[in-house]
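K.L.:
Structure supplied as input_31.cif; contents: mmCIF, C-alpha atoms.
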```cif
data_run
#
loop_
_atom_site.group_PDB
_atom_site.id
_atom_site.type_symbol
_atom_site.label_atom_id
_atom_site.label_comp_id
_atom_site.auth_asym_id
_atom_site.auth_seq_id
_atom_site.Cartn_x
_atom_site.Cartn_y
_atom_site.Cartn_z
ATOM 1 C CA MET A 211 -28.711 6.432 302.360
ATOM 2 C CA ASN A 212 -26.892 3.591 304.035
ATOM 3 C CA ILE A 213 -28.993 0.643 303.005
ATOM 4 C CA GLU A 214 -27.440 -2.339 304.790
ATOM 5 C CA HIS A 215 -23.984 -2.984 303.388
ATOM 6 C CA ARG A 216 -22.349 -5.611 305.541
ATOM 7 C CA LYS A 217 -19.673 -7.425 303.607
ATOM 8 C CA LYS A 218 -21.307 -10.740 304.306
ATOM 9 C CA GLY A 219 -24.406 -11.034 302.170
ATOM 10 C CA ARG A 220 -23.994 -7.612 300.602
ATOM 11 C CA PRO A 221 -26.215 -7.209 297.494
ATOM 12 C CA ALA A 222 -24.197 -7.453 294.294
ATOM 13 C CA LEU A 223 -25.649 -4.159 293.034
ATOM 14 C CA TYR A 224 -24.358 -2.275 296.081
ATOM 15 C CA GLN A 225 -21.151 -1.001 294.478
ATOM 16 C CA LEU A 226 -19.937 2.161 292.804
ATOM 17 C CA ARG A 227 -20.233 0.998 289.189
ATOM 18 C CA ALA A 228 -23.840 -0.052 289.716
ATOM 19 C CA PHE A 229 -24.661 3.309 291.308
ATOM 20 C CA GLN A 230 -23.003 5.187 288.452
ATOM 21 C CA ALA A 231 -24.923 3.125 285.889
ATOM 22 C CA ALA A 232 -28.187 3.768 287.735
ATOM 23 C CA GLY A 233 -27.465 7.486 287.787
ATOM 24 C CA LEU A 234 -26.817 7.518 284.045
ATOM 25 C CA LEU A 235 -30.003 5.568 283.354
ATOM 26 C CA ALA A 236 -32.003 7.940 285.559
ATOM 27 C CA ARG A 237 -30.713 10.956 283.621
ATOM 28 C CA LEU A 238 -31.506 9.462 280.215
ATOM 29 C CA LEU A 239 -34.983 8.000 280.737
ATOM 30 C CA PRO A 240 -38.226 9.884 281.440
ATOM 31 C CA ARG A 241 -39.578 9.366 284.941
ATOM 32 C CA PRO A 242 -42.730 7.431 283.893
ATOM 33 C CA ILE A 243 -40.534 4.842 282.192
ATOM 34 C CA LEU A 244 -38.193 4.690 285.181
ATOM 35 C CA GLN A 245 -41.103 4.140 287.545
ATOM 36 C CA ARG A 246 -42.278 1.160 285.469
ATOM 37 C CA LEU A 247 -38.801 -0.262 284.925
ATOM 38 C CA ALA A 248 -37.554 0.061 288.512
ATOM 39 C CA PRO A 249 -39.810 -2.635 290.061
ATOM 40 C CA VAL A 250 -38.750 -5.104 287.368
ATOM 41 C CA ILE A 251 -35.091 -4.533 288.244
ATOM 42 C CA GLY A 252 -35.937 -4.611 291.940
ATOM 43 C CA ARG A 253 -37.656 -7.985 291.732
ATOM 44 C CA ALA A 254 -34.715 -9.426 289.824
ATOM 45 C CA ALA A 255 -32.243 -8.089 292.381
ATOM 46 C CA SER A 256 -34.392 -9.414 295.229
ATOM 47 C CA THR A 257 -34.125 -12.975 293.921
ATOM 48 C CA ARG A 258 -30.337 -12.702 294.327
ATOM 49 C CA ASN A 259 -30.608 -11.645 297.972
ATOM 50 C CA PRO A 260 -32.409 -14.453 299.851
ATOM 51 C CA ALA A 261 -31.201 -13.174 303.236
ATOM 52 C CA GLY A 262 -32.720 -9.778 302.527
ATOM 53 C CA ARG A 263 -36.010 -11.349 301.403
ATOM 54 C CA THR A 264 -36.205 -13.407 304.578
ATOM 55 C CA ALA A 265 -35.442 -10.420 306.799
ATOM 56 C CA LEU A 266 -38.043 -8.265 305.052
ATOM 57 C CA ARG A 267 -40.678 -10.965 305.405
ATOM 58 C CA GLU A 268 -40.011 -11.459 309.114
ATOM 59 C CA ASN A 269 -39.882 -7.722 309.827
ATOM 60 C CA LEU A 270 -43.164 -7.048 308.032
ATOM 61 C CA ARG A 271 -44.816 -10.058 309.674
ATOM 62 C CA ALA A 272 -43.863 -8.677 313.074
ATOM 63 C CA ILE A 273 -45.184 -5.211 312.192
ATOM 64 C CA THR A 274 -48.463 -6.232 310.554
ATOM 65 C CA GLY A 275 -49.267 -9.736 311.783
ATOM 66 C CA LYS A 276 -49.847 -10.815 308.179
ATOM 67 C CA THR A 277 -48.981 -14.305 306.970
ATOM 68 C CA GLY A 278 -49.268 -16.399 303.815
ATOM 69 C CA ASP A 279 -50.415 -14.782 300.579
ATOM 70 C CA ALA A 280 -51.193 -11.457 302.265
ATOM 71 C CA LEU A 281 -47.631 -11.215 303.561
ATOM 72 C CA ASP A 282 -46.221 -12.250 300.173
ATOM 73 C CA ALA A 283 -48.209 -9.478 298.493
ATOM 74 C CA LEU A 284 -47.025 -6.912 301.043
ATOM 75 C CA CYS A 285 -43.378 -7.921 300.544
ATOM 76 C CA ALA A 286 -43.743 -7.624 296.752
ATOM 77 C CA ASP A 287 -45.347 -4.196 297.152
ATOM 78 C CA ASN A 288 -42.521 -3.162 299.480
ATOM 79 C CA VAL A 289 -39.828 -4.150 296.953
ATOM 80 C CA ALA A 290 -41.693 -2.250 294.215
ATOM 81 C CA HIS A 291 -41.923 0.888 296.358
ATOM 82 C CA PHE A 292 -38.258 0.605 297.291
ATOM 83 C CA SER A 293 -37.246 0.294 293.648
ATOM 84 C CA ARG A 294 -39.286 3.321 292.602
ATOM 85 C CA MET A 295 -37.828 5.299 295.497
ATOM 86 C CA LEU A 296 -34.302 4.452 294.362
ATOM 87 C CA ALA A 297 -35.122 5.508 290.804
ATOM 88 C CA ASP A 298 -36.208 8.924 292.093
ATOM 89 C CA TYR A 299 -33.117 9.120 294.298
ATOM 90 C CA PHE A 300 -30.801 8.670 291.330
ATOM 91 C CA ARG A 301 -32.908 10.924 289.107
ATOM 92 C CA CYS A 302 -32.841 13.850 291.542
ATOM 93 C CA GLY A 303 -29.426 13.296 293.060
ATOM 94 C CA THR A 304 -27.365 12.818 289.917
ATOM 95 C CA GLY A 305 -29.315 15.208 287.709
ATOM 96 C CA ASP A 306 -30.990 18.543 288.370
ATOM 97 C CA PRO A 307 -31.818 18.865 292.102
ATOM 98 C CA ALA A 308 -34.805 21.046 291.170
ATOM 99 C CA ARG A 309 -36.479 17.850 289.973
ATOM 100 C CA ALA A 310 -37.026 16.994 293.626
ATOM 101 C CA ALA A 311 -39.492 19.845 294.085
ATOM 102 C CA GLU A 312 -41.502 18.602 291.099
ATOM 103 C CA LEU A 313 -42.085 15.286 292.865
ATOM 104 C CA LEU A 314 -43.694 16.881 295.904
ATOM 105 C CA HIS A 315 -47.483 16.898 296.039
ATOM 106 C CA GLU A 316 -47.925 18.217 299.564
ATOM 107 C CA TRP A 317 -45.767 19.542 302.383
ATOM 108 C CA ARG A 318 -47.147 19.593 305.916
ATOM 109 C CA GLY A 319 -45.562 20.775 309.128
ATOM 110 C CA PHE A 320 -42.843 23.057 307.764
ATOM 111 C CA GLU A 321 -43.828 25.508 310.483
ATOM 112 C CA HIS A 322 -42.281 23.136 313.030
ATOM 113 C CA PHE A 323 -38.861 23.727 311.454
ATOM 114 C CA GLU A 324 -39.394 27.485 311.431
ATOM 115 C CA LYS A 325 -40.490 27.622 315.069
ATOM 116 C CA ALA A 326 -37.666 25.348 316.211
ATOM 117 C CA ARG A 327 -34.990 27.381 314.419
ATOM 118 C CA ALA A 328 -36.379 30.537 315.988
ATOM 119 C CA LEU A 329 -35.377 29.104 319.382
ATOM 120 C CA GLY A 330 -31.746 29.083 318.244
ATOM 121 C CA LYS A 331 -30.760 25.637 319.532
ATOM 122 C CA GLY A 332 -30.793 23.708 316.276
ATOM 123 C CA ILE A 333 -32.961 20.837 315.067
ATOM 124 C CA ILE A 334 -32.423 17.093 315.338
ATOM 125 C CA LEU A 335 -34.409 15.727 312.400
ATOM 126 C CA VAL A 336 -35.243 12.089 313.080
ATOM 127 C CA THR A 337 -36.462 9.768 310.371
ATOM 128 C CA GLY A 338 -36.179 6.094 309.483
ATOM 129 C CA HIS A 339 -35.799 3.684 306.606
ATOM 130 C CA LEU A 340 -39.283 4.735 305.601
ATOM 131 C CA GLY A 341 -40.275 6.348 302.323
ATOM 132 C CA ASN A 342 -37.766 8.530 300.494
ATOM 133 C CA TRP A 343 -35.604 9.861 303.304
ATOM 134 C CA GLU A 344 -32.914 11.202 300.960
ATOM 135 C CA LEU A 345 -35.511 13.264 299.103
ATOM 136 C CA GLY A 346 -36.512 14.874 302.382
ATOM 137 C CA GLY A 347 -33.013 16.227 302.978
ATOM 138 C CA THR A 348 -32.848 17.509 299.413
ATOM 139 C CA LEU A 349 -36.170 19.336 299.741
ATOM 140 C CA LEU A 350 -35.068 21.087 302.930
ATOM 141 C CA ALA A 351 -31.704 22.043 301.408
ATOM 142 C CA LEU A 352 -33.491 23.484 298.370
ATOM 143 C CA ARG A 353 -35.455 25.702 300.740
ATOM 144 C CA GLY A 354 -32.197 27.110 302.061
ATOM 145 C CA LEU A 355 -32.030 25.246 305.359
ATOM 146 C CA PRO A 356 -28.501 24.203 306.437
ATOM 147 C CA MET A 357 -28.516 20.400 306.417
ATOM 148 C CA THR A 358 -26.030 17.889 307.809
ATOM 149 C CA VAL A 359 -26.684 14.164 307.477
ATOM 150 C CA ILE A 360 -25.325 11.450 309.788
ATOM 151 C CA THR A 361 -24.074 8.445 307.846
ATOM 152 C CA LEU A 362 -22.067 5.259 308.136
ATOM 153 C CA GLU A 363 -19.130 4.410 305.905
ATOM 154 C CA GLU A 364 -20.127 2.843 302.600
ATOM 155 C CA PRO A 365 -18.701 -0.552 301.517
ATOM 156 C CA SER A 366 -15.833 1.133 299.660
ATOM 157 C CA THR A 367 -13.943 4.402 299.883
ATOM 158 C CA GLU A 368 -14.943 5.174 296.293
ATOM 159 C CA LEU A 369 -18.647 4.790 297.036
ATOM 160 C CA THR A 370 -18.326 6.856 300.218
ATOM 161 C CA ARG A 371 -16.671 9.639 298.243
ATOM 162 C CA TRP A 372 -19.317 9.405 295.510
ATOM 163 C CA ARG A 373 -22.109 9.734 298.072
ATOM 164 C CA ASP A 374 -20.434 12.664 299.845
ATOM 165 C CA GLU A 375 -19.897 14.525 296.581
ATOM 166 C CA LEU A 376 -23.507 13.931 295.562
ATOM 167 C CA ARG A 377 -24.768 15.389 298.829
ATOM 168 C CA GLN A 378 -22.397 18.336 298.549
ATOM 169 C CA ARG A 379 -23.852 19.213 295.154
ATOM 170 C CA LEU A 380 -27.249 19.324 296.846
ATOM 171 C CA GLY A 381 -25.921 21.589 299.593
ATOM 172 C CA ILE A 382 -25.912 18.851 302.238
ATOM 173 C CA LYS A 383 -22.985 18.195 304.577
ATOM 174 C CA THR A 384 -22.078 14.798 306.019
ATOM 175 C CA ILE A 385 -20.812 13.535 309.368
ATOM 176 C CA THR A 386 -19.601 9.939 309.299
ATOM 177 C CA VAL A 387 -20.027 7.799 312.403
ATOM 178 C CA GLY A 388 -18.638 4.425 313.374
ATOM 179 C CA PRO A 389 -15.152 3.060 314.085
ATOM 180 C CA GLY A 390 -12.407 5.610 313.467
ATOM 181 C CA HIS A 391 -14.696 8.629 313.812
ATOM 182 C CA ASP A 392 -14.163 9.423 317.475
ATOM 183 C CA PHE A 393 -15.126 13.109 317.268
ATOM 184 C CA ALA A 394 -18.389 12.642 315.384
ATOM 185 C CA PHE A 395 -20.503 13.460 318.443
ATOM 186 C CA VAL A 396 -18.637 16.742 318.959
ATOM 187 C CA GLU A 397 -19.238 17.594 315.288
ATOM 188 C CA MET A 398 -22.949 16.899 315.766
ATOM 189 C CA MET A 399 -23.175 19.234 318.747
ATOM 190 C CA ASN A 400 -21.374 21.955 316.789
ATOM 191 C CA VAL A 401 -23.965 21.671 314.011
ATOM 192 C CA LEU A 402 -26.744 22.192 316.540
ATOM 193 C CA ARG A 403 -24.937 25.056 318.249
ATOM 194 C CA ARG A 404 -24.864 26.799 314.861
ATOM 195 C CA ASN A 405 -28.672 26.440 314.843
ATOM 196 C CA GLU A 406 -28.581 24.115 311.846
ATOM 197 C CA ILE A 407 -30.416 20.870 311.062
ATOM 198 C CA LEU A 408 -28.880 17.502 311.897
ATOM 199 C CA ALA A 409 -30.668 14.599 310.170
ATOM 200 C CA MET A 410 -30.372 10.956 311.183
ATOM 201 C CA LEU A 411 -31.958 7.549 310.696
ATOM 202 C CA VAL A 412 -32.860 6.090 314.069
ATOM 203 C CA ASP A 413 -34.710 2.816 313.475
ATOM 204 C CA ARG A 414 -31.572 0.719 312.953
ATOM 205 C CA PRO A 415 -28.650 1.781 315.194
ATOM 206 C CA TYR A 416 -25.216 0.553 314.185
ATOM 207 C CA ALA A 417 -23.271 -1.935 316.321
ATOM 208 C CA ASP A 418 -24.339 -1.678 319.985
ATOM 209 C CA THR A 419 -25.042 2.041 320.125
ATOM 210 C CA GLY A 420 -28.789 1.877 320.814
ATOM 211 C CA ALA A 421 -30.940 1.264 323.867
ATOM 212 C CA ARG A 422 -33.391 -1.622 323.987
ATOM 213 C CA VAL A 423 -36.961 -0.354 324.089
ATOM 214 C CA LYS A 424 -40.400 -1.776 323.292
ATOM 215 C CA PHE A 425 -41.148 -1.575 319.577
ATOM 216 C CA CYS A 426 -44.124 -3.516 318.209
ATOM 217 C CA GLY A 427 -44.291 -5.315 321.540
ATOM 218 C CA ARG A 428 -40.713 -6.593 321.315
ATOM 219 C CA ASP A 429 -37.380 -5.627 322.835
ATOM 220 C CA THR A 430 -35.716 -3.711 320.025
ATOM 221 C CA PRO A 431 -32.547 -1.592 319.767
ATOM 222 C CA PHE A 432 -33.300 2.027 318.917
ATOM 223 C CA SER A 433 -30.864 4.880 318.503
ATOM 224 C CA THR A 434 -30.201 6.927 321.643
ATOM 225 C CA ALA A 435 -28.408 9.667 319.689
ATOM 226 C CA PRO A 436 -31.407 12.056 319.523
ATOM 227 C CA ALA A 437 -32.094 11.796 323.256
ATOM 228 C CA LEU A 438 -28.401 12.168 324.120
ATOM 229 C CA LEU A 439 -27.953 15.185 321.860
ATOM 230 C CA TRP A 440 -31.095 16.721 323.346
ATOM 231 C CA GLN A 441 -29.631 16.299 326.839
ATOM 232 C CA HIS A 442 -26.487 18.186 325.793
ATOM 233 C CA THR A 443 -27.988 20.917 323.602
ATOM 234 C CA GLY A 444 -31.726 21.269 324.147
ATOM 235 C CA ALA A 445 -32.244 21.085 320.378
ATOM 236 C CA ALA A 446 -35.738 20.330 319.096
ATOM 237 C CA VAL A 447 -36.227 16.684 318.049
ATOM 238 C CA VAL A 448 -38.493 16.790 314.988
ATOM 239 C CA PRO A 449 -39.758 13.590 313.284
ATOM 240 C CA ALA A 450 -40.086 14.029 309.515
ATOM 241 C CA PHE A 451 -40.931 11.672 306.650
ATOM 242 C CA VAL A 452 -41.408 11.667 302.866
ATOM 243 C CA LEU A 453 -43.843 9.032 301.603
ATOM 244 C CA GLN A 454 -44.952 8.122 298.097
ATOM 245 C CA GLU A 455 -48.649 8.404 297.260
ATOM 246 C CA SER A 456 -50.587 6.153 294.910
ATOM 247 C CA GLY A 457 -50.214 8.674 292.076
ATOM 248 C CA GLY A 458 -46.425 8.464 292.231
ATOM 249 C CA ARG A 459 -45.709 11.838 293.821
ATOM 250 C CA TYR A 460 -44.700 12.381 297.432
ATOM 251 C CA ILE A 461 -46.116 13.883 300.565
ATOM 252 C CA SER A 462 -43.656 15.342 303.064
ATOM 253 C CA PHE A 463 -44.617 15.947 306.665
ATOM 254 C CA ALA A 464 -42.935 16.997 309.870
ATOM 255 C CA ASP A 465 -44.508 16.415 313.263
ATOM 256 C CA ALA A 466 -44.269 18.700 316.261
ATOM 257 C CA PRO A 467 -41.044 18.321 318.294
ATOM 258 C CA LEU A 468 -41.094 15.328 320.607
ATOM 259 C CA ASP A 469 -41.728 16.128 324.252
ATOM 260 C CA PHE A 470 -38.555 14.781 325.797
ATOM 261 C CA GLN A 471 -38.253 14.957 329.575
ATOM 262 C CA SER A 472 -35.243 15.505 331.822
ATOM 263 C CA HIS A 473 -34.527 13.579 335.029
ATOM 264 C CA GLU A 474 -31.815 13.438 337.664
ATOM 265 C CA ASP A 475 -31.013 9.932 336.464
ATOM 266 C CA LYS A 476 -29.725 10.781 333.000
ATOM 267 C CA ARG A 477 -29.536 7.160 331.871
ATOM 268 C CA ALA A 478 -33.151 6.562 332.854
ATOM 269 C CA ALA A 479 -34.178 9.724 331.019
ATOM 270 C CA LEU A 480 -32.199 8.610 327.971
ATOM 271 C CA VAL A 481 -34.050 5.295 327.791
ATOM 272 C CA LYS A 482 -37.451 6.872 328.515
ATOM 273 C CA ASN A 483 -37.034 9.487 325.792
ATOM 274 C CA THR A 484 -35.794 6.847 323.352
ATOM 275 C CA GLN A 485 -38.907 4.816 324.134
ATOM 276 C CA HIS A 486 -41.012 7.883 323.351
ATOM 277 C CA LEU A 487 -39.229 8.145 320.017
ATOM 278 C CA ALA A 488 -39.740 4.445 319.204
ATOM 279 C CA THR A 489 -43.449 4.618 320.025
ATOM 280 C CA HIS A 490 -43.880 7.583 317.703
ATOM 281 C CA PHE A 491 -42.132 5.715 314.899
ATOM 282 C CA GLU A 492 -44.118 2.540 315.475
ATOM 283 C CA ASP A 493 -47.393 4.362 314.858
ATOM 284 C CA ILE A 494 -46.169 5.720 311.529
ATOM 285 C CA ILE A 495 -44.488 2.522 310.315
ATOM 286 C CA ARG A 496 -47.652 0.524 311.014
ATOM 287 C CA LYS A 497 -49.519 2.889 308.668
ATOM 288 C CA TYR A 498 -46.987 2.516 305.850
ATOM 289 C CA PRO A 499 -45.431 -0.980 306.066
ATOM 290 C CA GLU A 500 -45.132 -1.115 302.265
ATOM 291 C CA GLN A 501 -42.616 1.744 302.549
ATOM 292 C CA TRP A 502 -40.573 0.529 305.519
ATOM 293 C CA PHE A 503 -37.380 -0.602 303.827
ATOM 294 C CA ASN A 504 -35.547 -2.744 306.361
ATOM 295 C CA TYR A 505 -33.903 -5.687 304.605
ATOM 296 C CA VAL A 506 -31.883 -6.831 307.614
ATOM 297 C CA PRO A 507 -33.215 -8.560 310.754
ATOM 298 C CA ILE A 508 -34.536 -6.106 313.324
ATOM 299 C CA TRP A 509 -35.091 -8.829 315.908
ATOM 300 C CA ASN A 510 -33.009 -11.906 316.594
ATOM 301 C CA SER A 511 -36.194 -13.875 316.150
ATOM 302 C CA ALA A 512 -39.468 -12.838 314.602
ATOM 303 C CA ALA A 513 -41.361 -15.260 316.834
ATOM 304 C CA PRO A 514 -43.598 -13.556 319.402
#
```
Show me, as structure tokens, the structure contained in the file I just sent.
P.N.:
Amino acid sequence: MNIEHRKKGRPALYQLRAFQAAGLLARLLPRPILQRLAPVIGRAASTRNPAGRTALRENLRAITGKTGDALDALCADNVAHFSRMLADYFRCGTGDPARAAELLHEWRGFEHFEKARALGKGIILVTGHLGNWELGGTLLALRGLPMTVITLEEPSTELTRWRDELRQRLGIKTITVGPGHDFAFVEMMNVLRRNEILAMLVDRPYADTGARVKFCGRDTPFSTAPALLWQHTGAAVVPAFVLQESGGRYISFADAPLDFQSHEDKRAALVKNTQHLATHFEDIIRKYPEQWFNYVPIWNSAAP
């Protein structure tokens, strides 16, 4: 999942014992109760993370142009959605994975996965901190598709191990990126060469690994990993998202593979294709700002 976990300003609940307690609570309580309780806990946790509240407000202001009471209401709605998403994450991940299928109201675009796998070059599934991205991987794994998720290290070794074991129980493999993982890119290419699915979050690249493109009219770092992997493997780059509806269930949709273009200047092609990716994401995030869960600054300044 990799919600922001920098040591400085890390939320107090972002630790193994809190995750274990949440998993236990999710197994014991019925989902309707969890969905009502989660926003209460989320609001309380939000008051203890002023940096996260400020970042969310500035990010959503930049995306929507809202200010004042309208922006306050959107931020509150965002925290409530995030809390309910986490409740479902713990309920499905630490209990019976089959519960995930029960949450799905509609699935659109699965044919894009089938057609892409028929080409034999693998699939780069690109998503963002939007909706219930962990549920999406679970749903695909339950349908028998070989899934590998790209992830950063968690704040502690214990939490990293807990997350890896949880994904393994769901049939999902993990490749960890970042310092000390020098062969991660080779592992990614091997996944694609086996014609499997490689899933990654691309709207918040770690460290300085992204290219600066235009996103919401601003210079913004966006992950170049999909475009770079496409250059090396020709794998289909498929955007996919899982979003919660007003009734509490989810709609999952995959779009057609992005039309990346090659060029003699590989660096120029890399940036151009990454821009294409960012533009596609911008359109979707603008439609669902209440489910874009970015609690760290995306821009150095939210001023136009």
K.L.:
Starting from the PyMOL selection byres ((chain A and resi 452) around 12), expand the selection into actual residues of this file and give them as a ChimeraX atom specification.
P.N.:
/A:295,310,313-319,336-350,449-451,453-455,459-465,494,498,501-502
K.L.:
Have a look at A:Thr386, A:Asn400, A:Thr361, A:Asn483 and name the one nearest to Thr434 of chain A; count all atoms listed in the file.
P.N.:
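The answer is A:Asn483, which sits nearest to Thr434 of chain A.
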K.L.:
Could you write out as a list in words the residues that the PyMOL selection byres ((chain A and resi 286) around 12) matches in the shown file?
P.N.:
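For this structure, the PyMOL selection byres ((chain A and resi 286) around 12) captures Pro249, Val250, Gly252, Arg253, Ala254, Ser256, Thr257, Arg263, Leu266, Arg267, Leu270, Asp279, Ala280, Leu281, Asp282, Ala283, Leu284, Cys285, Asp287, Asn288, Val289, Ala290, His291, Phe292, Ser293, Pro499, Glu500, Gln501 and Phe503 of chain A.
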K.L.:
Restricting the calculation to all atoms listed in the file, which member of A:Arg237, A:His473, A:His322, A:Arg258 is positioned closest to Asp298 of chain A?
P.N.:
A:Arg237
K.L.:
At what distance in Å, to one decimal, does atom CA of Phe395 of chain A lie from atom CA of Met410 of chain A?
P.N.:
12.5 Å
K.L.:
Exactly which residues make up the result of the PyMOL selection byres ((chain A and resi 401) around 10) on this file, given as JSON, numbers by chain?
P.N.:
{"A": [331, 332, 333, 334, 356, 357, 358, 385, 395, 396, 397, 398, 399, 400, 402, 403, 404, 405, 406, 407, 408]}
K.L.:
Please return as a PyMOL selection string every residue within 12 Å of (-35.5, -7.7, 313.8), taking into account all atoms listed in the file and the file's own coordinates.
P.N.:
chain A and resi 262+264-273+413-415+425-432+504-514
K.L.:
Please measure the separation of atom CA of Ala326 of chain A and atom CA of Leu355 of chain A, giving the value in Å to one decimal.
P.N.:
12.2 Å
K.L.:
Check the smallest atom-to-atom distance from each of A:Arg309, A:Lys276, A:Lys325, A:Arg373 to Leu226 of chain A using all atoms listed in the file, then report the winner.
P.N.:
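Under the stated criterion, the closest residue is A:Arg373.
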K.L.:
Interatomic distance between atom CA of Trp372 of chain A and atom CA of Leu247 of chain A?
P.N.:
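Interatomic distance, atom CA of Trp372 of chain A to atom CA of Leu247 of chain A: 24.2 Å.
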